[in-house]
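Reviewing the structure listed below.
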Amino acid sequence: MEYGKLANKFNRFATEECRGSSELYEYLSLQIAQDKEILELASHSQPGQPVPNLLLGAVHYLLLRGKEHKLKYYYPSIVPKPQNMEEIYPYFKDFCMENRGEIISLLKKWLVQTNEVRRCSYLYPVFNYIYETVKKPLALIEIGTSAGLQLLWDKYSYSYGTDEVYGNTASNVTITSEVRGANFPAAYMANPPVAVRIGVDLNTIDLTNEDEYLWLQALIWPEHEERRELLSSAAEYVKKSSVTLIEGDGTDLLMELEKEISEKYAICVFHTHVANQMPQESKSKLLKNVEEIGEKREIFHLYNNIFDGNLHLDFYSGAQGYRKKVGETDGHGRWFTWELDNLENRRGTVSRNRNVQSAGDGLA
């Protein structure tokens, strides 16, 4: 086993993703990176999965399910006043060794499927931008949908640090985010019509299933109370809404799903922090399928983690189209930048078949 590569994943997770966001997971990840026994345990994760997220999520899941151990007193998601974090690691390791069999079963069973509702903060203006381009109701196809919470972006309200509230102002879900930089997507803050909502995932999450819902909660980092509250509120909208969730490979199913959607609608394929779990050949196939559909009808593709961590929007319609960078985004949707207004004409001739490069492990 190459412990070095696995240790590097935990070190990167600590410094690039957890720092400034989760002091607990930053500390644990740095300790795990030096511990061969825990690295061996983490190695049982399914191929292609973000290993640190999966291992830490599995431990969190067992604690939330009620496993009795002194470790729980260090988790702010479980106790109101957690104990000194610098004393946690011996308890963490003991918990992992004591529950090794169950943790391995969870690593082999579950996927990292964080349904980060706050990412809708930047999806919302982009889908408005798309609607202003084509003036057609939108047909949403989300790849890696998990429980489908992001398919309902138009059901939530949004605040971006001003007095204005956008979106569904009567919603019980209010998403706050910061727009960084000089540009603000003010021109794209309406509520476009959505005609179709389809979510595809290798393992869809049923929010009425207590065990599956608990796994979603376990994937939220222990300090992130607001994320848990958003998940809980948004879940109620999914339970009441007509969202079609399909189990399968979205890349393979895309061509068939397109055939079922009327040309009166603009197809919008989207995914956030999902492509980092795709093999390179799947990324290439997805881009090819989108382009092939775009030869005969309008299609938009909104994504990150295929070429880099930035948010991108591609559009195809015959020989016309564009590829644009939407902006940079925080992995949990706490902030984003907006660059669409700075770019030139929306329509033009596009080159096709870009080479796919790795975008790293990504964030969940």
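Naming works like this for the structure tokens: A, B, ... for the chains as they're shown, residue 1 at the start of each chain, ligands 1 onward in shown order.
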
Show me, as CSV, the residues of region 126-186 of chain A having an atom within 9 Å of region 265-275 of chain A, each with the closest atom pair and its distance in Å, using only C-alpha atoms.
```
residue,atom,partner,partner_atom,distance
A:Phe127,CA,A:Cys268,CA,8.3
A:Ile130,CA,A:Cys268,CA,8.5
A:Tyr131,CA,A:Ala266,CA,8.2
A:Val134,CA,A:Ala266,CA,7.4
A:Lys135,CA,A:Ala266,CA,8.6
A:Lys136,CA,A:Tyr265,CA,5.5
A:Pro137,CA,A:Tyr265,CA,5.1
A:Leu138,CA,A:Ala266,CA,4.9
A:Ala139,CA,A:Ile267,CA,4.7
A:Leu140,CA,A:Cys268,CA,4.9
A:Ile141,CA,A:Val269,CA,4.8
A:Glu142,CA,A:Phe270,CA,5.0
A:Ile143,CA,A:His271,CA,5.4
A:Gly144,CA,A:Val274,CA,6.1
A:Thr145,CA,A:His271,CA,7.7
```

Could you save those same residues with C-alpha atoms as an mmCIF file, in the first residue's frame?
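Saved the output as result.cif:
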```cif
data_model
loop_
_atom_site.group_PDB
_atom_site.id
_atom_site.type_symbol
_atom_site.label_atom_id
_atom_site.label_comp_id
_atom_site.auth_asym_id
_atom_site.auth_seq_id
_atom_site.Cartn_x
_atom_site.Cartn_y
_atom_site.Cartn_z
ATOM 1 C CA PHE A 127 -29.902 29.677 -14.496
ATOM 2 C CA ILE A 130 -29.458 30.931 -19.247
ATOM 3 C CA TYR A 131 -33.138 31.835 -19.366
ATOM 4 C CA VAL A 134 -32.978 31.498 -24.782
ATOM 5 C CA LYS A 135 -36.292 32.623 -23.244
ATOM 6 C CA LYS A 136 -37.428 29.018 -22.888
ATOM 7 C CA PRO A 137 -38.534 27.109 -19.799
ATOM 8 C CA LEU A 138 -35.635 25.141 -18.363
ATOM 9 C CA ALA A 139 -35.264 21.362 -18.298
ATOM 10 C CA LEU A 140 -32.829 20.542 -15.496
ATOM 11 C CA ILE A 141 -30.688 17.395 -15.521
ATOM 12 C CA GLU A 142 -28.403 17.155 -12.499
ATOM 13 C CA ILE A 143 -25.638 14.553 -12.541
ATOM 14 C CA GLY A 144 -24.650 13.347 -9.088
ATOM 15 C CA THR A 145 -27.884 14.660 -7.630
#
```

Residues of region 218-337 of chain A at most 12 Å from region 9-32 of chain A: nearest atom pair and distance in Å, only C-alpha atoms, as a Markdown table:
```
| residue | atom | partner | partner_atom | distance |
| --- | --- | --- | --- | --- |
| A:Leu219 | CA | A:Tyr25 | CA | 11.8 |
| A:Ile220 | CA | A:Ser22 | CA | 10.5 |
| A:Trp221 | CA | A:Ser22 | CA | 7.0 |
| A:Pro222 | CA | A:Ser22 | CA | 7.8 |
| A:Glu223 | CA | A:Ser22 | CA | 6.4 |
| A:His224 | CA | A:Ser22 | CA | 8.0 |
| A:Glu225 | CA | A:Ser22 | CA | 11.5 |
| A:Asp330 | CA | A:Glu17 | CA | 9.6 |
| A:Gly331 | CA | A:Glu17 | CA | 8.2 |
| A:His332 | CA | A:Ser21 | CA | 9.6 |
| A:Arg334 | CA | A:Ser21 | CA | 10.4 |
```

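Restricting the calculation to only C-alpha atoms, the smallest distance between Leu6 (chain A) and any of A:Pro50, A:Gly199, A:Gly148, A:Gly309 is found for A:Pro50.
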
Take CA of Val165 (chain A) and CA of Trp153 (chain A) and report the distance between them in Å, one decimal.
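Atom-to-atom, CA of Val165 (chain A) to CA of Trp153 (chain A), that is 14.3 Å.
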
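Counting only C-alpha atoms, region 178-186 of chain A has the following residues at most 9 Å away, ignoring those fewer than 3 positions along the same chain: Ser121, Tyr122, Pro125, Val126, Tyr129, Ser159, Tyr160, Gly161, Met189, Gly333, Arg334, Trp335, Phe336, Thr337, Trp338, Glu339, Leu340, Asp341 and Asn342 of chain A.
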
Determine which residues of region 83-301 of chain A receive a DSSP assignment of helix (DSSP H, G or I), computed from the backbone, and state them as a PyMOL selection string.
chain A and resi 85-87+89-98+100-109+117-134+149-155+186-188+210-219+225-240+250-259+275-277+280-294

Using only C-alpha atoms, find the one residue out of A:Lys81, A:Lys109, A:Arg227, A:Lys155 that sits nearest to Leu55 (chain A).
A:Lys109

Choose the residue, out of A:Gln113, A:Asn99, A:Ser177, A:Ser232, that has the smallest atom-to-atom separation from Asn276 (chain A); count only C-alpha atoms.
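Closest to Asn276 (chain A) of all the choices is A:Gln113.
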